[in-house]
Amino acid sequence: MKQIHVAILVLLCLTTLLFSQITWTSRTSGTTDYLSSVTYGNNQYLAVTYYGTIHTSPDGITWTSGTSGTTATLYGVIYANNKYVAVGAGGTILTSPNGITWTGRTSGTTNHLFGVTYGNNQYVAVGYSGTIHTSPDGITWTSRTSGTMNELSGVTYGNNLYAAVSYSGTIHTSPDGITWTSRTSGTTATLYGVIYGNNKYVGVGTSGILLTSFDGITWTSRTSGTTNELESVTYGNSQYVAVGHDATMLTSPDGITWTSRTSGTTYNLYGVTYGNNLYLVVGDNGTILTSPVTNAISYAVPKQIYTNIGKTMQIYTLQGKLIAQKKIESENYLNSKSTLYNNLSKGIYIVRIPGNISRRILVE
């Protein structure tokens, strides 16, 4: 008889990461709007749309639609310094303390604003024709000279430096948000998104372009394995996640080696965030996808795995391939005698109960 044991490995963290992004669940957003950006803060997820609507959720599963006070397209949103800040078409800037009540702010520009970040005690918004505006509080905004007329599509802050990416592939950096310097990225491809995480900047763009930099000055092209446009990238739980057109989803533990994941949708994906042990992706037609890391792998796995009758247990390889599944019909646990294990070779596997738990097992 095959024996099922708990495996305590040095690679526990890596295993957790592999599993946390291989299984994505589609959520009902309650809208068919184009969800353009998403953030996490103040104990909730918040997504904005091309029609100015706001959608919030405490858990990524149940969503509530709200109004922002504008019908302008909202391209970007963040939560920082106890405030949500959303930016969009025609120089739109909105702020909210709770994601429900929104106030329009005077940006001083009619140019589209595509991205916003926070760092070094100020917000920085970027957009069309090299537009850059800064604010200490999200309320009063000041125009800055970027030194370029290129569309600035995304911005991030890390390692005491702001980094903005553009439609022409150029990258602009600033230590203070006021004085900006153009950097050579090594590409002329359009760059849509940029993030700083794990001591590294990662930029993404058209034709699957992926760039990394340790200092924001010298950039290196990485192989993404796709030619689809990549719209957004985030970092959390020791993992980068990038998303894009045609349901493209990529993950990487280091920003250098990237793996394609099955997202379970066919729609374009435009935004991704990480918060409260959950990766959350938004896109076309109200698409919302989630992938949890909470309880992804347990240190102490019981010999018998309990669940409710009617649940379906699934077994995956560590690479994310589903190789067996069984609906629990007559007993509410899975143990070493279960027929689910009969055709498994020796090795380490992940047992998952959708919407419930995941456990790692060793078959000897």
# chains A, B, ... in the order shown; residues from 1 in each chain; ligands from 1
call {"tool": "residues_around", "arguments": {"residues": "range 122-128 of chain A", "least_positions_apart": "6", "cutoff": "10 Å", "atoms": "only C-alpha atoms", "output": "ChimeraX atom specification"}}
result
/A:75-76,78,80-81,85-91,93,107,109-116,134-139,141-144,146,149-157,162,164-167,176-178
call {"tool": "write_last_selection", "arguments": {"atoms": "C-alpha atoms", "output": "CSV table (one decimal), in the first residue's frame"}}
result
chain,number,residue,atom,x,y,z
A,75,TYR,CA,-6.6,54.6,-15.8
A,76,GLY,CA,-4.8,54.1,-12.4
A,78,ILE,CA,-3.4,53.4,-5.5
A,80,ALA,CA,-1.2,55.2,0.2
A,81,ASN,CA,-0.9,57.5,3.2
A,85,VAL,CA,-6.0,58.3,-5.3
A,86,ALA,CA,-7.4,57.6,-8.8
A,87,VAL,CA,-6.2,59.3,-12.0
A,88,GLY,CA,-7.7,59.4,-15.5
A,89,ALA,CA,-8.7,61.1,-18.7
A,90,GLY,CA,-8.6,64.9,-19.0
A,91,GLY,CA,-6.4,65.3,-16.0
A,93,ILE,CA,-7.7,63.2,-10.1
A,107,SER,CA,-4.8,68.7,-11.3
A,109,THR,CA,-3.8,69.8,-16.6
A,110,THR,CA,-6.3,68.4,-19.2
A,111,ASN,CA,-3.8,65.8,-20.3
A,112,HIS,CA,-4.7,62.2,-19.6
A,113,LEU,CA,-3.1,60.8,-16.5
A,114,PHE,CA,-2.2,57.1,-16.8
A,115,GLY,CA,-0.4,56.2,-13.6
A,116,VAL,CA,0.1,57.2,-10.0
A,134,THR,CA,3.3,65.9,-7.6
A,135,SER,CA,1.3,66.3,-4.4
A,136,PRO,CA,2.1,66.0,-0.7
A,137,ASP,CA,-1.5,65.1,0.2
A,138,GLY,CA,-3.3,64.1,-3.0
A,139,ILE,CA,-5.3,67.4,-2.9
A,141,TRP,CA,-1.0,69.2,-7.2
A,142,THR,CA,2.0,70.9,-8.8
A,143,SER,CA,3.2,70.5,-12.4
A,144,ARG,CA,6.8,69.3,-12.9
A,146,SER,CA,9.8,65.8,-17.2
A,149,MET,CA,6.9,64.8,-24.7
A,150,ASN,CA,6.5,61.1,-24.7
A,151,GLU,CA,3.4,59.6,-23.1
A,152,LEU,CA,4.3,58.4,-19.6
A,153,SER,CA,2.2,55.4,-18.9
A,154,GLY,CA,3.3,54.1,-15.5
A,155,VAL,CA,5.3,55.1,-12.5
A,156,THR,CA,6.6,53.5,-9.3
A,157,TYR,CA,8.8,54.4,-6.3
A,162,TYR,CA,10.9,57.4,-8.8
A,164,ALA,CA,8.4,56.3,-15.0
A,165,VAL,CA,8.0,54.3,-18.2
A,166,SER,CA,6.8,55.6,-21.6
A,167,TYR,CA,5.2,54.7,-24.9
A,176,ASP,CA,12.5,63.8,-5.6
A,177,GLY,CA,9.8,63.9,-8.2
A,178,ILE,CA,10.9,67.3,-9.4
call {"tool": "select_by_dssp", "arguments": {"residues": "range 114-338 of chain A", "states": "strand (DSSP E)", "output": "PyMOL selection string"}}
result
chain A and resi 114-119+122-127+132-135+142-144+152-158+161-166+171-174+181-183+191-197+200-205+210-213+220-222+230-236+239-244+249-252+259-260+269-275+278-283+288-292+305-306+312-316+322-327+333-334
call {"tool": "residues_around", "arguments": {"residues": "range 36-41 of chain A", "least_positions_apart": "5", "cutoff": "10 Å", "atoms": "only C-alpha atoms", "output": "MDAnalysis selection string"}}
result
chainID A and resid 46:51 54:58 60 73:84 86 98:99 115 231:232 269:276 278:284 286 288
call {"tool": "atom_distance", "arguments": {"atom1": "CA of Pro253 in chain A", "atom2": "CA of Val233 in chain A"}}
result
12.9 Å
call {"tool": "closest_residue", "arguments": {"among": "A:Leu344, A:Asn159, A:Lys311, A:Glu229", "to": "Ala324 in chain A", "atoms": "only C-alpha atoms"}}
result
A:Leu344
call {"tool": "residues_around", "arguments": {"residues": "Thr262 in chain A", "least_positions_apart": "3", "cutoff": "8 Å", "atoms": "only C-alpha atoms", "output": "list in words"}}
result
Ile22, Thr23, Trp24, Thr248 and Met249 of chain A
call {"tool": "select_by_dssp", "arguments": {"residues": "range 53-143 of chain A", "states": "helix (DSSP H, G or I)", "output": "PDB file with C-alpha atoms, in the first residue's frame"}}
result
ATOM      1  CA  ALA A  89      -8.739  61.089 -18.673  1.00  0.00           C
ATOM      2  CA  GLY A  90      -8.614  64.855 -19.035  1.00  0.00           C
ATOM      3  CA  GLY A  91      -6.409  65.313 -15.994  1.00  0.00           C
ATOM      4  CA  TYR A 128       0.166  62.255 -21.786  1.00  0.00           C
ATOM      5  CA  SER A 129       2.876  64.453 -23.377  1.00  0.00           C
ATOM      6  CA  GLY A 130       5.316  63.878 -20.531  1.00  0.00           C
TER       7      GLY A 130
END
call {"tool": "closest_residue", "arguments": {"among": "A:Pro175, A:Gly66, A:Gly347, A:Gly158", "to": "Ile195 in chain A", "atoms": "only C-alpha atoms"}}
result
A:Gly158
call {"tool": "closest_residue", "arguments": {"among": "A:Asn199, A:Ser207, A:Ile323, A:Trp258", "to": "Ser345 in chain A", "atoms": "only C-alpha atoms"}}
result
A:Ile323
call {"tool": "atom_distance", "arguments": {"atom1": "CA of Gly147 in chain A", "atom2": "CA of Ser185 in chain A"}}
result
16.2 Å
call {"tool": "closest_residue", "arguments": {"among": "A:Leu289, A:Leu230, A:Ile132, A:Val351", "to": "Ser29 in chain A", "atoms": "only C-alpha atoms"}}
result
A:Leu289
call {"tool": "atom_distance", "arguments": {"atom1": "CA of Arg27 in chain A", "atom2": "CA of Lys327 in chain A"}}
result
22.2 Å
call {"tool": "closest_residue", "arguments": {"among": "A:Thr64, A:Thr28, A:Ser213, A:Thr188", "to": "Ala163 in chain A", "atoms": "only C-alpha atoms"}}
result
A:Ser213
call {"tool": "closest_residue", "arguments": {"among": "A:Ala242, A:Ile61, A:Leu211, A:Leu35", "to": "Thr290 in chain A", "atoms": "only C-alpha atoms"}}
result
A:Ile61
